[in-house]
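Okay, entry28.cif now, which holds mmCIF, C-alpha atoms:
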data_target
#
loop_
_atom_site.label_atom_id
_atom_site.label_comp_id
_atom_site.auth_asym_id
_atom_site.auth_seq_id
_atom_site.Cartn_x
_atom_site.Cartn_y
_atom_site.Cartn_z
CA MET R 210 0.00 0.00 0.00
CA ILE R 211 1.10 3.57 -0.54
CA LEU R 212 0.91 6.20 2.15
CA CYS R 213 0.70 9.95 1.80
CA ARG R 214 0.66 12.58 4.51
CA SER R 215 -0.71 15.92 3.42
CA THR R 216 -0.33 19.49 4.55
CA ARG R 217 -1.62 22.54 2.74
CA SER R 218 1.73 23.10 1.04
CA LYS R 219 1.93 22.54 -2.69
CA PRO R 220 3.14 18.99 -3.42
CA GLN R 221 5.98 18.06 -5.75
CA LEU R 222 6.40 14.35 -6.34
CA GLU R 223 9.92 12.92 -6.48
CA GLU R 224 11.36 9.41 -6.62
CA THR R 225 14.10 8.68 -4.11
CA GLY R 226 15.72 5.57 -5.50
CA LYS R 227 16.17 2.02 -4.23
CA GLN R 228 14.10 2.45 -1.09
CA ARG R 229 11.02 2.52 -3.32
CA THR R 230 9.97 5.74 -1.65
CA LEU R 231 8.17 8.58 -3.35
CA ALA R 232 8.45 11.94 -1.61
CA PHE R 233 6.58 15.21 -1.96
CA SER R 234 8.74 18.22 -1.33
CA VAL R 235 6.79 19.88 1.48
CA GLY R 236 5.00 17.88 4.12
CA LEU R 237 3.84 15.05 1.88
CA SER R 238 5.48 11.66 1.52
CA VAL R 239 4.51 8.50 -0.30
CA VAL R 240 5.93 5.20 0.89
CA ALA R 241 5.43 2.02 -1.10
CA SER R 242 5.53 -1.27 0.77
CA THR R 243 7.41 -4.23 -0.64
CA GLY R 244 4.32 -5.70 -2.27
CA ALA R 245 3.17 -2.52 -3.99
CA ARG R 246 4.08 -1.67 -7.56
CA MET R 247 6.13 1.38 -8.45
CA VAL R 248 4.19 4.43 -9.54
CA LYS R 249 5.02 5.28 -13.14
CA LYS R 250 6.17 8.75 -14.20
CA LYS R 251 2.94 9.52 -16.03
CA GLU R 252 0.90 8.46 -13.01
CA ARG R 253 3.09 10.55 -10.69
CA LYS R 254 2.15 13.66 -12.66
CA ARG R 255 -1.51 12.71 -12.38
CA LEU R 256 -1.13 12.28 -8.61
CA GLU R 257 0.53 15.68 -8.28
CA ARG R 258 -2.36 17.44 -10.02
CA ILE R 259 -5.05 15.58 -8.08
CA ILE R 260 -3.40 16.18 -4.70
CA ASP R 261 -2.94 19.86 -5.48
CA ALA R 262 -6.62 20.14 -6.49
CA GLU R 263 -7.76 18.29 -3.35
CA ARG R 264 -5.60 20.51 -1.17
CA LYS R 265 -7.06 23.68 -2.68
CA VAL R 266 -10.64 22.46 -2.20
CA PHE R 267 -9.97 21.73 1.47
CA LYS R 268 -8.24 25.06 1.99
CA SER R 269 -11.02 27.05 0.30
CA CYS R 270 -13.61 25.24 2.47
CA ASN R 271 -11.63 25.91 5.67
CA ALA R 272 -11.36 22.17 6.21
CA PRO R 273 -8.54 20.63 8.28
CA ALA R 274 -5.52 19.10 6.59
CA PHE R 275 -5.92 15.47 5.61
CA GLU R 276 -3.76 12.39 5.54
CA LYS R 277 -3.73 10.92 2.06
CA ARG R 278 -3.25 7.23 1.43
CA LEU R 279 -3.15 5.48 -1.91
CA VAL R 280 -4.01 1.93 -0.89
CA SER R 281 -2.71 -0.70 -3.26
CA LEU R 282 -5.05 -3.62 -3.93
CA PRO R 283 -3.12 -6.92 -3.71
CA SER R 284 -5.11 -8.56 -6.50
CA SER R 285 -4.29 -5.94 -9.11
CA GLY R 286 -1.94 -3.29 -7.71
CA GLU R 287 -4.55 -0.64 -8.48
CA LEU R 288 -4.65 2.31 -6.07
CA ILE R 289 -7.66 3.48 -4.03
CA ASN R 290 -7.47 7.15 -3.10
CA THR R 291 -8.25 7.71 0.59
CA LEU R 292 -8.29 11.00 2.51
CA SER R 293 -8.33 10.48 6.29
CA LEU R 294 -8.58 12.88 9.21
CA GLY R 295 -9.95 13.19 12.69
CA ASN R 296 -9.78 11.45 16.03
CA ARG R 297 -7.25 8.61 15.96
CA SER R 298 -8.17 7.38 19.43
CA THR R 299 -11.74 6.43 18.53
CA ALA R 300 -13.01 3.13 17.19
CA ARG R 301 -15.85 4.91 15.35
CA HIS R 302 -14.96 5.20 11.67
CA ILE R 303 -17.02 6.92 8.96
CA VAL R 304 -16.45 6.19 5.26
CA PHE R 305 -17.78 8.71 2.73
CA LEU R 306 -18.47 7.30 -0.75
CA PRO R 307 -19.06 9.85 -3.54
CA GLY R 308 -21.54 9.57 -6.36
CA TRP R 309 -21.02 9.25 -10.08
CA GLY R 310 -18.65 11.75 -11.72
CA SER R 311 -17.53 13.27 -8.42
CA GLY R 312 -14.80 12.60 -5.91
CA ALA R 313 -13.79 12.44 -2.28
CA ALA R 314 -12.92 16.13 -1.94
CA LEU R 315 -16.56 17.14 -2.45
CA PHE R 316 -17.14 16.32 1.23
CA ALA R 317 -14.65 18.94 2.43
CA LYS R 318 -17.47 21.05 3.92
CA ASN R 319 -18.58 18.17 6.13
CA VAL R 320 -15.43 16.86 7.77
CA LEU R 321 -14.55 19.54 10.35
CA PRO R 322 -17.35 18.90 12.90
CA LEU R 323 -17.19 15.12 12.43
CA SER R 324 -13.40 14.92 12.75
CA LYS R 325 -13.55 16.17 16.35
CA THR R 326 -15.34 12.99 17.43
CA TYR R 327 -14.90 10.39 14.69
CA ARG R 328 -12.21 9.05 12.40
CA VAL R 329 -13.30 10.15 8.91
CA HIS R 330 -12.25 8.61 5.58
CA LEU R 331 -13.18 10.00 2.17
CA VAL R 332 -12.75 7.22 -0.39
CA ASP R 333 -12.75 7.36 -4.19
CA TRP R 334 -14.21 4.34 -5.93
CA LEU R 335 -11.89 2.34 -8.17
CA GLY R 336 -11.84 4.00 -11.60
CA CYS R 337 -13.11 7.31 -10.21
CA GLY R 338 -11.80 10.49 -8.60
CA GLY R 339 -8.14 10.16 -7.64
CA SER R 340 -8.06 6.36 -7.72
CA SER R 341 -6.49 4.24 -10.47
CA ARG R 342 -8.27 4.04 -13.82
CA PRO R 343 -8.22 0.40 -14.99
CA ASN R 344 -10.07 -0.72 -18.10
CA PHE R 345 -13.81 -1.04 -17.51
CA ASN R 346 -15.92 -3.53 -19.44
CA ARG R 347 -18.58 -1.34 -21.06
CA ASN R 348 -20.55 -4.44 -22.06
CA ALA R 349 -20.70 -5.82 -18.52
CA GLU R 350 -23.94 -7.02 -17.00
CA PRO R 351 -25.22 -4.92 -14.06
CA GLU R 352 -24.01 -7.46 -11.46
CA GLU R 353 -20.52 -7.55 -12.96
CA ALA R 354 -20.37 -3.76 -13.11
CA SER R 355 -21.44 -3.46 -9.48
CA GLN R 356 -18.87 -6.03 -8.40
CA PHE R 357 -16.13 -3.95 -10.05
CA PHE R 358 -16.76 -1.37 -7.33
CA ILE R 359 -17.91 -3.52 -4.41
CA SER R 360 -15.14 -6.12 -4.50
CA SER R 361 -12.46 -3.43 -4.75
CA LEU R 362 -13.99 -1.59 -1.77
CA SER R 363 -13.92 -4.82 0.24
CA GLU R 364 -10.30 -5.39 -0.70
CA TRP R 365 -9.52 -1.78 0.22
CA ALA R 366 -11.14 -2.24 3.65
CA SER R 367 -9.07 -5.38 4.32
CA GLU R 368 -5.86 -3.55 3.44
CA PHE R 369 -6.82 -0.44 5.35
CA ARG R 370 -7.26 -2.43 8.56
CA LYS R 371 -3.52 -3.11 8.41
CA LEU R 372 -2.94 0.64 8.64
CA GLU R 373 -5.53 1.34 11.34
CA PRO R 374 -6.30 -1.74 13.47
CA SER R 375 -9.39 -0.09 15.01
CA PHE R 376 -10.94 -0.03 11.53
CA THR R 377 -12.99 -3.17 12.14
CA ARG R 378 -16.47 -1.84 11.29
CA PHE R 379 -17.49 1.48 9.82
CA SER R 380 -20.47 3.66 9.01
CA ILE R 381 -21.09 4.36 5.33
CA VAL R 382 -22.21 7.74 4.02
CA GLY R 383 -23.00 7.14 0.34
CA HIS R 384 -24.20 9.82 -2.06
CA SER R 385 -26.32 9.04 -5.14
CA LEU R 386 -24.65 6.13 -6.97
CA GLY R 387 -22.33 5.83 -3.96
CA GLY R 388 -25.45 5.16 -1.90
CA TYR R 389 -26.61 2.47 -4.31
CA LEU R 390 -23.23 0.73 -4.29
CA GLY R 391 -22.81 1.26 -0.54
CA THR R 392 -26.10 -0.54 0.01
CA LEU R 393 -24.97 -3.51 -2.09
CA PHE R 394 -21.74 -3.56 -0.09
CA ALA R 395 -23.65 -3.59 3.22
CA LEU R 396 -25.81 -6.45 1.94
CA LYS R 397 -22.80 -8.53 0.94
CA TYR R 398 -20.50 -7.61 3.85
CA PRO R 399 -22.81 -6.85 6.82
CA GLN R 400 -20.03 -7.75 9.25
CA SER R 401 -18.07 -4.69 8.08
CA VAL R 402 -20.83 -2.09 8.36
CA ASP R 403 -22.45 -0.73 11.53
CA ARG R 404 -24.68 1.93 9.95
CA LEU R 405 -25.78 2.94 6.46
CA MET R 406 -26.53 6.59 5.67
CA LEU R 407 -27.85 7.13 2.17
CA VAL R 408 -27.73 10.64 0.76
CA SER R 409 -30.18 11.01 -2.11
CA PRO R 410 -29.50 7.43 -3.23
CA VAL R 411 -30.12 6.51 -6.83
CA GLY R 412 -31.64 3.22 -7.95
CA ILE R 413 -34.31 2.44 -5.37
CA PRO R 414 -37.46 2.21 -7.52
CA ALA R 415 -38.02 0.08 -10.61
CA ARG R 416 -38.92 1.90 -13.80
CA PRO R 417 -42.72 1.79 -14.22
CA VAL R 418 -43.74 -0.18 -17.30
CA ASP R 419 -45.99 2.62 -18.48
CA PHE R 420 -43.63 5.48 -17.58
CA LYS R 421 -43.72 8.23 -20.21
CA GLY R 422 -42.41 11.28 -18.38
CA PRO R 423 -43.74 14.84 -18.70
CA GLN R 424 -44.81 16.35 -22.00
CA ARG R 425 -42.01 18.39 -23.56
CA ALA R 426 -41.49 20.78 -26.45
CA LEU R 427 -40.08 19.44 -29.73
CA HIS R 428 -36.57 20.85 -29.21
CA GLN R 429 -36.47 19.29 -25.73
CA ARG R 430 -37.54 15.91 -27.10
CA VAL R 431 -34.82 16.09 -29.76
CA LEU R 432 -32.17 16.94 -27.16
CA LEU R 433 -33.32 14.19 -24.83
CA GLY R 434 -33.35 11.75 -27.74
CA MET R 435 -29.73 12.57 -28.51
CA MET R 436 -28.83 12.14 -24.84
CA LYS R 437 -30.52 8.75 -24.77
CA MET R 438 -28.63 7.68 -27.89
CA LEU R 439 -25.31 8.60 -26.21
CA TRP R 440 -26.41 6.83 -23.03
CA ASP R 441 -27.30 3.64 -24.89
CA ARG R 442 -23.87 3.73 -26.53
CA ASN R 443 -22.26 4.20 -23.11
CA MET R 444 -20.68 7.51 -24.02
CA SER R 445 -20.19 9.53 -20.84
CA PRO R 446 -20.26 13.35 -20.70
CA GLN R 447 -16.63 13.22 -19.55
CA SER R 448 -15.57 11.31 -22.67
CA LEU R 449 -17.06 14.06 -24.82
CA ALA R 450 -15.67 16.89 -22.69
CA ARG R 451 -12.15 15.42 -22.76
CA THR R 452 -12.02 16.19 -26.48
CA LEU R 453 -12.14 19.90 -25.59
CA GLY R 454 -8.84 19.86 -23.70
CA SER R 455 -7.97 20.80 -20.12
CA GLY R 456 -8.35 24.56 -20.55
CA ALA R 457 -11.89 24.37 -21.86
CA MET R 458 -12.75 21.65 -19.34
CA THR R 459 -11.57 23.84 -16.45
CA TRP R 460 -13.55 26.83 -17.76
CA LEU R 461 -16.71 24.72 -18.10
CA CYS R 462 -16.35 23.08 -14.68
CA LYS R 463 -15.70 26.37 -12.90
CA GLY R 464 -18.76 27.86 -14.56
CA TYR R 465 -20.82 24.85 -13.54
CA ALA R 466 -19.63 24.93 -9.92
CA ASN R 467 -20.32 28.66 -9.54
CA SER R 468 -23.82 28.39 -10.99
CA ARG R 469 -24.74 25.07 -9.36
CA PHE R 470 -23.48 25.95 -5.85
CA PRO R 471 -24.33 29.64 -5.34
CA SER R 472 -24.10 29.27 -1.57
CA LEU R 473 -20.34 28.62 -1.82
CA GLU R 474 -17.84 31.45 -1.83
CA SER R 475 -16.39 32.05 -5.29
CA SER R 476 -12.96 30.80 -4.19
CA ALA R 477 -14.47 27.50 -3.02
CA ALA R 478 -16.58 27.14 -6.17
CA ASP R 479 -13.53 27.82 -8.36
CA ALA R 480 -11.46 25.27 -6.44
CA LEU R 481 -14.27 22.76 -6.74
CA GLY R 482 -14.56 23.42 -10.48
CA LYS R 483 -10.84 22.92 -10.97
CA TYR R 484 -11.05 19.69 -9.00
CA PHE R 485 -13.96 18.50 -11.17
CA ALA R 486 -11.88 19.28 -14.27
CA GLU R 487 -8.82 17.39 -13.02
CA ILE R 488 -10.69 14.18 -12.21
CA SER R 489 -12.80 14.43 -15.38
CA MET R 490 -9.75 14.73 -17.63
CA LEU R 491 -8.38 11.39 -16.42
CA PRO R 492 -8.86 8.30 -18.62
CA GLY R 493 -12.40 6.94 -18.64
CA SER R 494 -12.98 3.97 -16.36
CA GLY R 495 -15.52 3.77 -13.54
CA GLU R 496 -17.64 6.49 -15.17
CA TYR R 497 -18.86 3.88 -17.67
CA GLY R 498 -20.44 1.96 -14.81
CA MET R 499 -23.22 4.56 -14.65
CA ASN R 500 -24.67 3.48 -17.99
CA THR R 501 -24.17 -0.19 -17.18
CA ILE R 502 -25.83 -0.12 -13.75
CA LEU R 503 -28.55 2.41 -14.58
CA GLN R 504 -31.00 2.79 -17.42
CA TYR R 505 -31.48 6.11 -19.12
CA GLY R 506 -33.31 8.41 -16.74
CA GLY R 507 -31.57 7.09 -13.62
CA TRP R 508 -33.64 3.92 -13.19
CA ALA R 509 -31.57 1.03 -11.83
CA ARG R 510 -31.39 -2.09 -13.96
CA LYS R 511 -31.35 -3.98 -10.65
CA PRO R 512 -33.42 -1.80 -8.28
CA LEU R 513 -32.82 -1.68 -4.53
CA LYS R 514 -36.53 -1.68 -3.78
CA ASP R 515 -36.69 -5.40 -3.04
CA LYS R 516 -33.20 -5.55 -1.50
CA LEU R 517 -33.54 -2.90 1.22
CA PRO R 518 -35.72 -5.11 3.50
CA SER R 519 -32.82 -7.60 3.67
CA LEU R 520 -30.49 -5.09 5.34
CA THR R 521 -29.52 -5.91 8.93
CA VAL R 522 -27.89 -2.58 9.87
CA PRO R 523 -29.69 0.69 10.73
CA VAL R 524 -30.46 2.76 7.64
CA SER R 525 -30.92 6.53 7.46
CA MET R 526 -31.89 8.27 4.22
CA VAL R 527 -31.96 11.97 3.46
CA TYR R 528 -33.05 13.91 0.38
CA GLY R 529 -32.99 17.56 -0.62
CA GLU R 530 -36.29 19.43 -0.89
CA ARG R 531 -35.34 20.37 -4.49
CA ASP R 532 -33.91 16.91 -5.20
CA TRP R 533 -34.58 15.18 -8.50
CA MET R 534 -34.78 11.96 -6.46
CA ASP R 535 -38.19 11.24 -4.96
CA TRP R 536 -38.01 10.69 -1.18
CA ARG R 537 -41.53 9.24 -1.15
CA VAL R 538 -40.31 6.08 -2.88
CA ALA R 539 -37.95 5.40 0.03
CA ALA R 540 -40.62 6.31 2.59
CA ASP R 541 -42.97 3.70 1.13
CA ILE R 542 -40.38 0.97 1.76
CA ILE R 543 -39.71 1.83 5.42
CA PRO R 544 -42.62 -0.27 6.82
CA SER R 545 -41.28 -3.40 5.12
CA MET R 546 -37.74 -3.09 6.47
CA ASN R 547 -36.51 -5.38 9.22
CA THR R 548 -34.11 -2.91 10.81
CA LYS R 549 -34.32 0.62 12.16
CA ALA R 550 -34.82 2.96 9.21
CA SER R 551 -35.77 6.58 8.58
CA VAL R 552 -36.21 9.07 5.74
CA GLU R 553 -35.85 12.84 6.05
CA VAL R 554 -35.97 15.82 3.69
CA LEU R 555 -33.41 18.60 4.13
CA GLU R 556 -34.54 22.14 3.38
CA ASP R 557 -32.64 24.58 1.17
CA SER R 558 -30.91 21.82 -0.76
CA GLY R 559 -31.00 19.83 -3.97
CA HIS R 560 -29.24 16.63 -4.97
CA PHE R 561 -25.89 17.77 -3.50
CA LEU R 562 -27.26 18.30 0.00
CA PHE R 563 -23.84 18.40 1.65
CA LEU R 564 -22.79 21.38 -0.49
CA ASP R 565 -26.15 23.14 -0.82
CA ASN R 566 -26.81 23.17 2.93
CA PRO R 567 -23.66 21.89 4.69
CA SER R 568 -24.65 23.03 8.18
CA GLY R 569 -28.05 21.33 7.96
CA PHE R 570 -26.51 18.21 6.49
CA ASN R 571 -23.82 18.08 9.18
CA GLN R 572 -26.48 18.37 11.88
CA TRP R 573 -28.41 15.49 10.30
CA LEU R 574 -25.26 13.36 10.17
CA ASP R 575 -24.38 14.09 13.78
CA LYS R 576 -27.90 13.22 14.91
CA GLU R 577 -27.96 9.91 13.02
CA LEU R 578 -24.51 8.90 14.23
CA ARG R 579 -25.48 9.58 17.85
CA ASP R 580 -28.79 7.75 17.60
#
Target format structure tokens, applied to this file:
Amino acid sequence: MILCRSTRSKPQLEETGKQRTLAFSVGLSVVASTGARMVKKKERKRLERIIDAERKVFKSCNAPAFEKRLVSLPSSGELINTLSLGNRSTARHIVFLPGWGSGAALFAKNVLPLSKTYRVHLVDWLGCGGSSRPNFNRNAEPEEASQFFISSLSEWASEFRKLEPSFTRFSIVGHSLGGYLGTLFALKYPQSVDRLMLVSPVGIPARPVDFKGPQRALHQRVLLGMMKMLWDRNMSPQSLARTLGSGAMTWLCKGYANSRFPSLESSAADALGKYFAEISMLPGSGEYGMNTILQYGGWARKPLKDKLPSLTVPVSMVYGERDWMDWRVAADIIPSMNTKASVEVLEDSGHFLFLDNPSGFNQWLDKELRD
């Protein structure tokens, strides 16, 4: 496994010879264990850019410095990006799992209050964010696509326990697709999870047979038809945007972040946009799982609706009041569940609750973790 320790100083990655140690110039070091592969020059440059972008997001959000670990999976040597911070003396661990197209640093607004009591880990899925980008089978069946993420997370957890022995069980905070995959993980590895917190999770309901959607104007139907064609061909927005180059990508992502998250200060929105651009410019991998796991329109090919009652750990779900996900679908399932479960709606927020209303979201998290 590969370890990194991060400060807010700008990192510069260097190789230090036979000791198989990679060092960042100021406050950041990477140490590869005997079993881990060497990081190639091209990948080192990628790591430098990602770490710098993560650092700037945390700084702009007034978040505490993090400890960065790139955990090498024994089965493949692929690296899982992990940002850790908080109370080292506690046995309570919280693992944040981002949604599709995003990354671990998006939770920077939520770590400060939690880190005073809990040990917090922000984890990028394999093929996403700052983790390695292996080839992804675009023709995979939904189960195979899900296992790409779930098995690698299980392997990551096993390796991470070697770094922090108190990491025996953990609470999952999964956003959107991260909530869907986190639920599948909790179903398969219940011994590893003590609580499941789903933040606007995708994939709960099945697509109604007679679903037609709202009536739209002709130009809207044409645009949506083109989007469906790209979806069916498993062409992600990132794959199209990468053809524009990094400069245009950064400009687009900064514009998106400033318009989508008006409650953020401009410096934080700009840092977030730059971070989005950096992770989106990386080779396509896990992003193709979206089209494989979900149908066009966000309907899961294998819905969670009939799986949620099999959970054995407490489940808390939260949605934004302007969310495109429907909280009522989850509420309808609560009576059939065999464990403690709840659904809440957070005011002044949309799908990205933790950025739209971070104080409200943090209060919800604290309440659920104390319950």
Write out, as a tab-separated table, each residue of range 294-338 of chain R that has an atom at most 10 Å from range 499-513 of chain R, together with the closest pair of atoms and their distance in Å to one decimal, counting all atoms listed in the file, rows going by chain and rising number.
residue	atom	partner	partner_atom	distance
R:Gly308	CA	R:Met499	CA	9.8
R:Trp309	CA	R:Met499	CA	6.9
R:Gly310	CA	R:Met499	CA	9.0
Quiz item: What do you get, as JSON, numbers by chain, if you spell out every residue that the PyMOL selection byres ((chain R and resi 264-270) around 7) selects here?
Solution: {"R": [217, 260, 261, 262, 263, 271, 272, 314, 317, 318, 476, 477, 480, 481]}
Exercise. May I ask which of the residues R:Ile359, R:Arg301, R:Glu487, R:Thr392 is the closest one to Leu256 in chain R, counting only C-alpha atoms?
Key: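 Closest residue, counting only C-alpha atoms: R:Glu487.
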Quiz item: Quick one, how far is CA of Ser525 in chain R from CA of Glu553 in chain R?
Solution: 8.1 Å
Practice problem: Have a look at R:Met458, R:Ser341, R:Leu331, R:Thr548 and name the one nearest to Phe316 in chain R; count only C-alpha atoms. | Solution: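 Ranking R:Met458, R:Ser341, R:Leu331, R:Thr548 by distance to Phe316 in chain R, first place goes to R:Leu331.
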Self-check item: CA of Thr326 in chain R to CA of Asn566 in chain R, straight-line distance in Å
Solution: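 Distance reported for this atom pair: 21.1 Å.
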Target residues per the PyMOL selection byres ((chain R and resi 395) around 12), formatted as a PDB file with C-alpha atoms, keeping the file's coordinate frame:
ATOM      1  CA  ILE R 359     -17.910  -3.520  -4.410  1.00  0.00           C
ATOM      2  CA  SER R 360     -15.140  -6.120  -4.500  1.00  0.00           C
ATOM      3  CA  LEU R 362     -13.990  -1.590  -1.770  1.00  0.00           C
ATOM      4  CA  SER R 363     -13.920  -4.820   0.240  1.00  0.00           C
ATOM      5  CA  ARG R 378     -16.470  -1.840  11.290  1.00  0.00           C
ATOM      6  CA  PHE R 379     -17.490   1.480   9.820  1.00  0.00           C
ATOM      7  CA  SER R 380     -20.470   3.660   9.010  1.00  0.00           C
ATOM      8  CA  ILE R 381     -21.090   4.360   5.330  1.00  0.00           C
ATOM      9  CA  VAL R 382     -22.210   7.740   4.020  1.00  0.00           C
ATOM     10  CA  GLY R 383     -23.000   7.140   0.340  1.00  0.00           C
ATOM     11  CA  GLY R 387     -22.330   5.830  -3.960  1.00  0.00           C
ATOM     12  CA  GLY R 388     -25.450   5.160  -1.900  1.00  0.00           C
ATOM     13  CA  TYR R 389     -26.610   2.470  -4.310  1.00  0.00           C
ATOM     14  CA  LEU R 390     -23.230   0.730  -4.290  1.00  0.00           C
ATOM     15  CA  GLY R 391     -22.810   1.260  -0.540  1.00  0.00           C
ATOM     16  CA  THR R 392     -26.100  -0.540   0.010  1.00  0.00           C
ATOM     17  CA  LEU R 393     -24.970  -3.510  -2.090  1.00  0.00           C
ATOM     18  CA  PHE R 394     -21.740  -3.560  -0.090  1.00  0.00           C
ATOM     19  CA  LEU R 396     -25.810  -6.450   1.940  1.00  0.00           C
ATOM     20  CA  LYS R 397     -22.800  -8.530   0.940  1.00  0.00           C
ATOM     21  CA  TYR R 398     -20.500  -7.610   3.850  1.00  0.00           C
ATOM     22  CA  PRO R 399     -22.810  -6.850   6.820  1.00  0.00           C
ATOM     23  CA  GLN R 400     -20.030  -7.750   9.250  1.00  0.00           C
ATOM     24  CA  SER R 401     -18.070  -4.690   8.080  1.00  0.00           C
ATOM     25  CA  VAL R 402     -20.830  -2.090   8.360  1.00  0.00           C
ATOM     26  CA  ASP R 403     -22.450  -0.730  11.530  1.00  0.00           C
ATOM     27  CA  ARG R 404     -24.680   1.930   9.950  1.00  0.00           C
ATOM     28  CA  LEU R 405     -25.780   2.940   6.460  1.00  0.00           C
ATOM     29  CA  MET R 406     -26.530   6.590   5.670  1.00  0.00           C
ATOM     30  CA  LEU R 407     -27.850   7.130   2.170  1.00  0.00           C
ATOM     31  CA  LYS R 516     -33.200  -5.550  -1.500  1.00  0.00           C
ATOM     32  CA  LEU R 517     -33.540  -2.900   1.220  1.00  0.00           C
ATOM     33  CA  SER R 519     -32.820  -7.600   3.670  1.00  0.00           C
ATOM     34  CA  LEU R 520     -30.490  -5.090   5.340  1.00  0.00           C
ATOM     35  CA  THR R 521     -29.520  -5.910   8.930  1.00  0.00           C
ATOM     36  CA  VAL R 522     -27.890  -2.580   9.870  1.00  0.00           C
ATOM     37  CA  PRO R 523     -29.690   0.690  10.730  1.00  0.00           C
ATOM     38  CA  VAL R 524     -30.460   2.760   7.640  1.00  0.00           C
TER      39      VAL R 524
END
Quiz prompt | For CA of Lys371 in chain R and CA of Phe357 in chain R, the interatomic separation in Å (one decimal) | solution =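 Between CA of Lys371 in chain R and CA of Phe357 in chain R the gap is 22.4 Å.
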Practice problem: Run the PyMOL selection byres ((chain R and resi 280) around 7) mentally over the shown coordinates, then write out the matched residues as a ChimeraX atom specification, using the chain letters and numbers from the document. | Solution: /R:210-211,278-279,281-282,288-290,365
Quiz prompt | Of the listed residues R:Gly312, R:Pro446, R:Pro410, R:Gly464, that which approaches Val527 in chain R most closely, counting all atoms listed in the file | solution =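 When distances to Val527 in chain R are compared using all atoms listed in the file, the smallest one comes from R:Pro410.
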Quiz item: Taking only C-alpha atoms into account, which of R:Asp479, R:Lys576, R:Thr459, R:Val408 comes nearest Ser558 in chain R?
Solution: R:Val408
Taking (-23.9, 15.6, 5.3) in the file's coordinates, which residues come within 7 Å, counting all atoms listed in the file, written as a short mmCIF file (atom, residue, chain, number, x, y, z; two decimals) with C-alpha atoms, keeping the file's coordinate frame?
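Written out: selection.cif:
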data_model
loop_
_atom_site.label_atom_id
_atom_site.label_comp_id
_atom_site.auth_asym_id
_atom_site.auth_seq_id
_atom_site.Cartn_x
_atom_site.Cartn_y
_atom_site.Cartn_z
CA ASN R 319 -18.58 18.17 6.13
CA LEU R 562 -27.26 18.30 0.00
CA PHE R 563 -23.84 18.40 1.65
CA PRO R 567 -23.66 21.89 4.69
CA PHE R 570 -26.51 18.21 6.49
CA ASN R 571 -23.82 18.08 9.18
CA TRP R 573 -28.41 15.49 10.30
CA LEU R 574 -25.26 13.36 10.17
#
Quiz item: For Asp541 in chain R, which residue among R:Gly338, R:Gly559, R:Pro518, R:Gly456 is the nearest when counting all atoms listed in the file?
Solution: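 Checking each of R:Gly338, R:Gly559, R:Pro518, R:Gly456 against Asp541 in chain R, counting all atoms listed in the file, the winner is R:Pro518.
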Quiz item: Which of these residues is nearest to Leu555 in chain R, using all atoms listed in the file: R:Tyr528, R:Tyr327, R:Phe305, R:Tyr484?
Solution: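 Nearest candidate to Leu555 in chain R out of R:Tyr528, R:Tyr327, R:Phe305, R:Tyr484: R:Tyr528.
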Determine the axis-aligned bounding box of all atoms of range 341-354 of chain R present in the file, pad each side by 4 Å, and express its centre and edge lengths in Å to one decimal place as JSON.
{"center_x": -15.9, "center_y": -1.7, "center_z": -16.3, "size_x": 26.7, "size_y": 19.8, "size_z": 19.6}
